[in-house]
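Undergrad: Below is a structure I'd like to ask you about.
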Amino acid sequence: MIEVRNLTKRYGDLVAIRGISFTAVPGQILGFLGPNGAGKTTTMRIITGYMPATSGTVKVAGYDIFDDSYEVRKRIGYLPESPPLYRDMTVTSYLRFVGRIRGIAKAQLGDSLDRVLRTCGLTEVTGRVIGHLSKGFRQRVGLAQALIHNPSVLVLDEPTIGLDPRQIIDIRTLIKELSGERTVILSTHILPEVSQLCEKVVIINEGQITMEDTLANLTKEMTLEQVFLRYITKDVAEPRGAAEEATA
Amino acid sequence: MKNTLAIAGKELRAYFVSPIAYVVLTGFLLLGGWFFFNLLARFNFLLTIYSSMRNPEAQLRLNLNEFVIAPLLHNLSVVLVILVPVITMRSFAEEKRSGTYELLMTSPLSITEIVAGKFLGAFVFLLIMVGLTAIYPLILLMYGNPEMGIIVAGYVGLLLLATAFVTVGLLTSSFTENQIIASVSCLVLLLLLYVISWPADTAGATLGAVLKYLSLTEHFGEMVKGVIDTKDLVYFFTVIALSLFLTHRSVESVRWR
């Protein structure tokens, strides 16, 4: 469960996000859509506790990100836009390190490691140095890193960017399988990905939420492309009104 | 503690899986060996001259501690001024540049654990580095009779000095994501602390005393002579604690912005 309420982030004079609110529930993949520079990464960095918001609150699994940051960080798995990899480590030693700092007990570390190596399809590259892996494999190591402590909340920032079509399909299948009982937020600007994976869609533009609804409702009358273009176009009175209805 | 050790272990491994450790260690020992060889050769030369001149008084004043070990330790300390910034420049800057900083900061780790782990990793590497130079006094012990106590005091001094360097390096690395900026600013700070006492004699009594007290060399010099004084220990521990505290603050500041 992720509850974002009136979140605002300023960098000096620049307002990255202003007063955004949305909710993601367990067992559902939430597609976080928006053009480049709309504030997707900023929002995700705040949810994961990397940086604080200027105002507003975020609750993850019932814990406030500011007051109980430690509890939130224990429960969250995060794949940033560029996977946080130590390029000169091997896959196994890297994942072991992540497991340890994520608080997995030594006795269970081996099991957790085997589990993510299997789910992410990394069993053949365990001993390889990460810097020598292809981009697709690196992305999978990034995903394995986010999953090793079996988090209840998963935040994925553009997980399929820069991959070839085959790898994209693999990663998407993997994310679909992973969702299960977890709360997943997936940021992207690739629309077919959203149609395939997400149950719920939130569109952000210039730091404001312009739309929040289920995918089924949205695509009743229009294609997702049309919906997206409509809600990221500036100075359209109607979508703003619709957005307010949706968040109310 | 467990987390600190995990980070320290990762740091230490990072030195040895990349060429950094080997380049730094080789360079350090190469220069150390050159210093040692030349100091010893000069010592032998003086010994031969004095004995041929039948000057027993001068001959008595020649001793290994003062003529070989003390200058050796001073030379090594200068090399460390240049090499320690290279060891520590990666610690935070590289994490920020490669994006792994996000992993550290979103993991359930306290900032104290992160800073302590980084420090411990660099410190253990330093121990290995300084430890390897123990071969020089060992050679002297095998063939001569230098005074053990003075050697130990000198080495404790060298280690404290280098530990202080490491903490300054961690601090400058925590400010930036550029490793060159991190290492150059550390180098400049260390050199400044090295030469800060130069105007001490002409600066007047009070200011002169302050400048002398701030200087790394003054405190280190005392220890090389074999004097372990509380005032010098307090100085080194203050520099170490202050730099680590500021590093902690600097890392934490991501959460304020």
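Chain identifiers are assigned as A, B, and so on, following the order in which chains appear in the structure tokens; residues are numbered from 1 within each chain, and ligands are numbered from 1 in order of appearance.
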What are the residues of chain B lining chain A at 8 Å or less? Count only C-alpha atoms, and put the answer as a list of chain:residue names.
TA: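 The complete set of qualifying residues is B:Asn3, B:Ala6, B:Ile7, B:Lys10, B:Ala14, B:Val17, B:Ser18, B:Ser98, B:Gly99, B:Thr100, B:Tyr101, B:Glu102, B:Leu103, B:Met105, B:Thr106, B:Ser107, B:Pro108, B:Leu109, B:Val254, B:Arg255, B:Trp256, B:Arg257.
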Undergrad: Those same residues - N, CA and C atoms - I'd like them written as a compact mmCIF listing (two decimals), in the first residue's frame.
TA:
```txt
# COMPACT_ATOMS: atom_id res chain seq x y z
N ASN B 3 26.02 -4.17 9.49
CA ASN B 3 25.94 -3.39 8.26
C ASN B 3 27.25 -2.68 7.98
N ALA B 6 29.60 -5.05 6.54
CA ALA B 6 29.24 -5.37 5.15
C ALA B 6 29.79 -4.30 4.21
N ILE B 7 29.61 -3.03 4.59
CA ILE B 7 30.09 -1.94 3.74
C ILE B 7 31.62 -1.91 3.71
N LYS B 10 32.88 -4.57 1.46
CA LYS B 10 32.66 -4.22 0.06
C LYS B 10 33.70 -3.19 -0.40
N ALA B 14 36.55 -3.71 -3.21
CA ALA B 14 36.58 -2.83 -4.37
C ALA B 14 38.02 -2.37 -4.66
N VAL B 17 39.79 -5.59 -6.30
CA VAL B 17 39.36 -6.12 -7.59
C VAL B 17 39.68 -5.15 -8.72
N SER B 18 39.95 -3.89 -8.37
CA SER B 18 40.37 -2.95 -9.40
C SER B 18 41.88 -2.80 -9.27
N SER B 98 27.83 6.77 -10.07
CA SER B 98 27.34 5.55 -10.70
C SER B 98 25.91 5.22 -10.29
N GLY B 99 25.32 6.01 -9.39
CA GLY B 99 23.93 5.78 -9.02
C GLY B 99 23.74 4.80 -7.87
N THR B 100 24.83 4.20 -7.39
CA THR B 100 24.69 3.24 -6.29
C THR B 100 24.42 3.95 -4.97
N TYR B 101 24.62 5.25 -4.96
CA TYR B 101 24.29 6.04 -3.78
C TYR B 101 22.82 5.88 -3.43
N GLU B 102 21.98 5.80 -4.48
CA GLU B 102 20.54 5.62 -4.26
C GLU B 102 20.27 4.29 -3.55
N LEU B 103 21.04 3.27 -3.91
CA LEU B 103 20.88 1.98 -3.24
C LEU B 103 21.22 2.10 -1.75
N MET B 105 21.32 4.80 0.14
CA MET B 105 20.47 5.72 0.89
C MET B 105 19.04 5.21 1.02
N THR B 106 18.61 4.27 0.17
CA THR B 106 17.25 3.75 0.32
C THR B 106 17.25 2.38 1.00
N SER B 107 18.43 1.93 1.45
CA SER B 107 18.49 0.70 2.22
C SER B 107 18.31 1.05 3.69
N PRO B 108 17.86 0.07 4.48
CA PRO B 108 17.69 0.36 5.91
C PRO B 108 19.04 0.45 6.64
N LEU B 109 19.81 1.48 6.30
CA LEU B 109 21.11 1.71 6.92
C LEU B 109 21.06 3.08 7.57
N VAL B 254 21.76 15.24 2.16
CA VAL B 254 20.89 14.83 1.05
C VAL B 254 19.45 14.81 1.52
N ARG B 255 19.26 14.44 2.77
CA ARG B 255 17.91 14.31 3.30
C ARG B 255 17.31 15.66 3.67
N TRP B 256 18.11 16.71 3.72
CA TRP B 256 17.52 18.03 4.02
C TRP B 256 17.07 18.72 2.75
N ARG B 257 17.81 18.45 1.65
CA ARG B 257 17.59 19.26 0.45
C ARG B 257 16.26 18.95 -0.21
```
Undergrad: Determine, counting only C-alpha atoms, which protein, DNA and RNA residues have an atom within 8 Å of an atom of stretch 129-137 of chain B; residues of the same chain fewer than 5 positions away are not included. Present the result as a PyMOL selection string.
TA: chain B and resi 25+28-29+32-33+36+69+151+159
Undergrad: When you look at A:Gly19 with a cut-off of 8 Å (counting only C-alpha atoms), what residues show up, excluding the ones that are within fewer than 4 positions of it in the same chain? I need them as an mmCIF file with N, CA and C atoms, in the first residue's frame.
TA:
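Written output follows (part18.cif):
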```cif
data_model
loop_
_atom_site.group_PDB
_atom_site.id
_atom_site.type_symbol
_atom_site.label_atom_id
_atom_site.label_comp_id
_atom_site.auth_asym_id
_atom_site.auth_seq_id
_atom_site.Cartn_x
_atom_site.Cartn_y
_atom_site.Cartn_z
ATOM 1 N N ARG A 5 0.014 11.922 -0.414
ATOM 2 C CA ARG A 5 -0.942 13.003 -0.138
ATOM 3 C C ARG A 5 -0.294 14.379 -0.297
ATOM 4 N N ASN A 6 -0.799 15.155 -1.222
ATOM 5 C CA ASN A 6 -0.392 16.562 -1.394
ATOM 6 C C ASN A 6 1.116 16.768 -1.435
ATOM 7 N N LEU A 7 1.783 15.939 -2.189
ATOM 8 C CA LEU A 7 3.240 15.972 -2.199
ATOM 9 C C LEU A 7 3.745 17.113 -3.085
ATOM 10 N N THR A 8 4.638 17.930 -2.504
ATOM 11 C CA THR A 8 5.243 19.011 -3.272
ATOM 12 C C THR A 8 6.752 18.945 -3.094
ATOM 13 N N GLY A 56 3.822 17.745 2.285
ATOM 14 C CA GLY A 56 3.007 16.587 1.951
ATOM 15 C C GLY A 56 3.504 15.331 2.636
ATOM 16 N N GLN A 208 2.060 17.871 -11.985
ATOM 17 C CA GLN A 208 0.709 17.725 -11.430
ATOM 18 C C GLN A 208 0.046 16.469 -11.960
#
```
Undergrad: I'd like to know which residues of stretch 15-165 of chain A are strand (DSSP E) (by DSSP, run on the backbone); could you write them as number ranges by chain?
TA: A: 15-24, 28-33, 55-60, 63-64, 76-79, 153-157
Undergrad: List as a list in words the protein and nucleic acid residues near B:Ala122, meaning an atom at most 8 Å away when only C-alpha atoms are counted, but skip any in the same chain fewer than 4 places from it.
TA: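 In the requested format, the answer is Ala8, Glu11, Leu12, Ile87, Thr88, Lys118, Leu126 and Val166 of chain B.
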Undergrad: DSSP on the backbone, then: every residue of stretch 94-211 of chain A marked alpha helix (DSSP H), written as a ChimeraX atom specification.
TA: /A:94-101,106-119,135-147,165-179,191-197
Undergrad: Would you pick out the contacts of B:Asn75 at 10 Å or less, using only C-alpha atoms, so that residues sharing its chain but fewer than 3 positions from it are not included, and give the list as a ChimeraX atom specification?
TA: /B:31-32,35-36,69-72,78-80
Undergrad: Could those residues be written to a file, using N, CA and C atoms, as a PDB file, in the first residue's frame?
TA:
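Output file result.pdb is given in full below:
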```pdb
ATOM      1  N   LEU B  31      58.768   3.642  -3.648  1.00  0.00           N
ATOM      2  CA  LEU B  31      59.346   4.874  -3.099  1.00  0.00           C
ATOM      3  C   LEU B  31      59.939   4.604  -1.720  1.00  0.00           C
ATOM      4  N   GLY B  32      59.197   3.847  -0.893  1.00  0.00           N
ATOM      5  CA  GLY B  32      59.689   3.521   0.445  1.00  0.00           C
ATOM      6  C   GLY B  32      61.035   2.811   0.380  1.00  0.00           C
ATOM      7  N   PHE B  35      63.802   5.266  -0.581  1.00  0.00           N
ATOM      8  CA  PHE B  35      64.176   6.094   0.577  1.00  0.00           C
ATOM      9  C   PHE B  35      65.059   5.295   1.524  1.00  0.00           C
ATOM     10  N   PHE B  36      64.623   4.090   1.837  1.00  0.00           N
ATOM     11  CA  PHE B  36      65.311   3.270   2.830  1.00  0.00           C
ATOM     12  C   PHE B  36      66.730   2.939   2.369  1.00  0.00           C
ATOM     13  N   ILE B  69      65.517   5.787  10.463  1.00  0.00           N
ATOM     14  CA  ILE B  69      64.073   5.598  10.640  1.00  0.00           C
ATOM     15  C   ILE B  69      63.311   6.920  10.653  1.00  0.00           C
ATOM     16  N   ALA B  70      63.830   7.910  11.382  1.00  0.00           N
ATOM     17  CA  ALA B  70      63.105   9.185  11.454  1.00  0.00           C
ATOM     18  C   ALA B  70      62.920   9.816  10.070  1.00  0.00           C
ATOM     19  N   PRO B  71      64.018   9.986   9.280  1.00  0.00           N
ATOM     20  CA  PRO B  71      63.774  10.566   7.945  1.00  0.00           C
ATOM     21  C   PRO B  71      62.915   9.673   7.063  1.00  0.00           C
ATOM     22  N   LEU B  72      63.022   8.353   7.236  1.00  0.00           N
ATOM     23  CA  LEU B  72      62.199   7.443   6.439  1.00  0.00           C
ATOM     24  C   LEU B  72      60.715   7.698   6.710  1.00  0.00           C
ATOM     25  N   VAL B  78      55.066  12.155   3.631  1.00  0.00           N
ATOM     26  CA  VAL B  78      54.830  13.035   2.480  1.00  0.00           C
ATOM     27  C   VAL B  78      54.198  12.247   1.331  1.00  0.00           C
ATOM     28  N   VAL B  79      54.678  11.012   1.121  1.00  0.00           N
ATOM     29  CA  VAL B  79      54.082  10.190   0.060  1.00  0.00           C
ATOM     30  C   VAL B  79      52.609   9.914   0.379  1.00  0.00           C
ATOM     31  N   LEU B  80      52.316   9.715   1.657  1.00  0.00           N
ATOM     32  CA  LEU B  80      50.922   9.451   2.038  1.00  0.00           C
ATOM     33  C   LEU B  80      50.022  10.661   1.770  1.00  0.00           C
TER      34      LEU B  80
END
```
Undergrad: Would you kindly return, as a PyMOL selection string, each protein, DNA or RNA residue with an atom no farther than 7 Å from any atom of A:Ile2, considering only C-alpha atoms and excluding same-chain residues fewer than 5 positions away?
TA: chain A and resi 23-25+59-61
Undergrad: Provide the atom CA of A:Gly207 to atom CA of A:Gly37 distance in Å, to one decimal place.
TA: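 A separation of 8.5 Å between them.
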Undergrad: What is the atom CA of A:Thr219-atom CA of A:Ile168 distance in Å, reported with one decimal?
TA: 22.9 Å
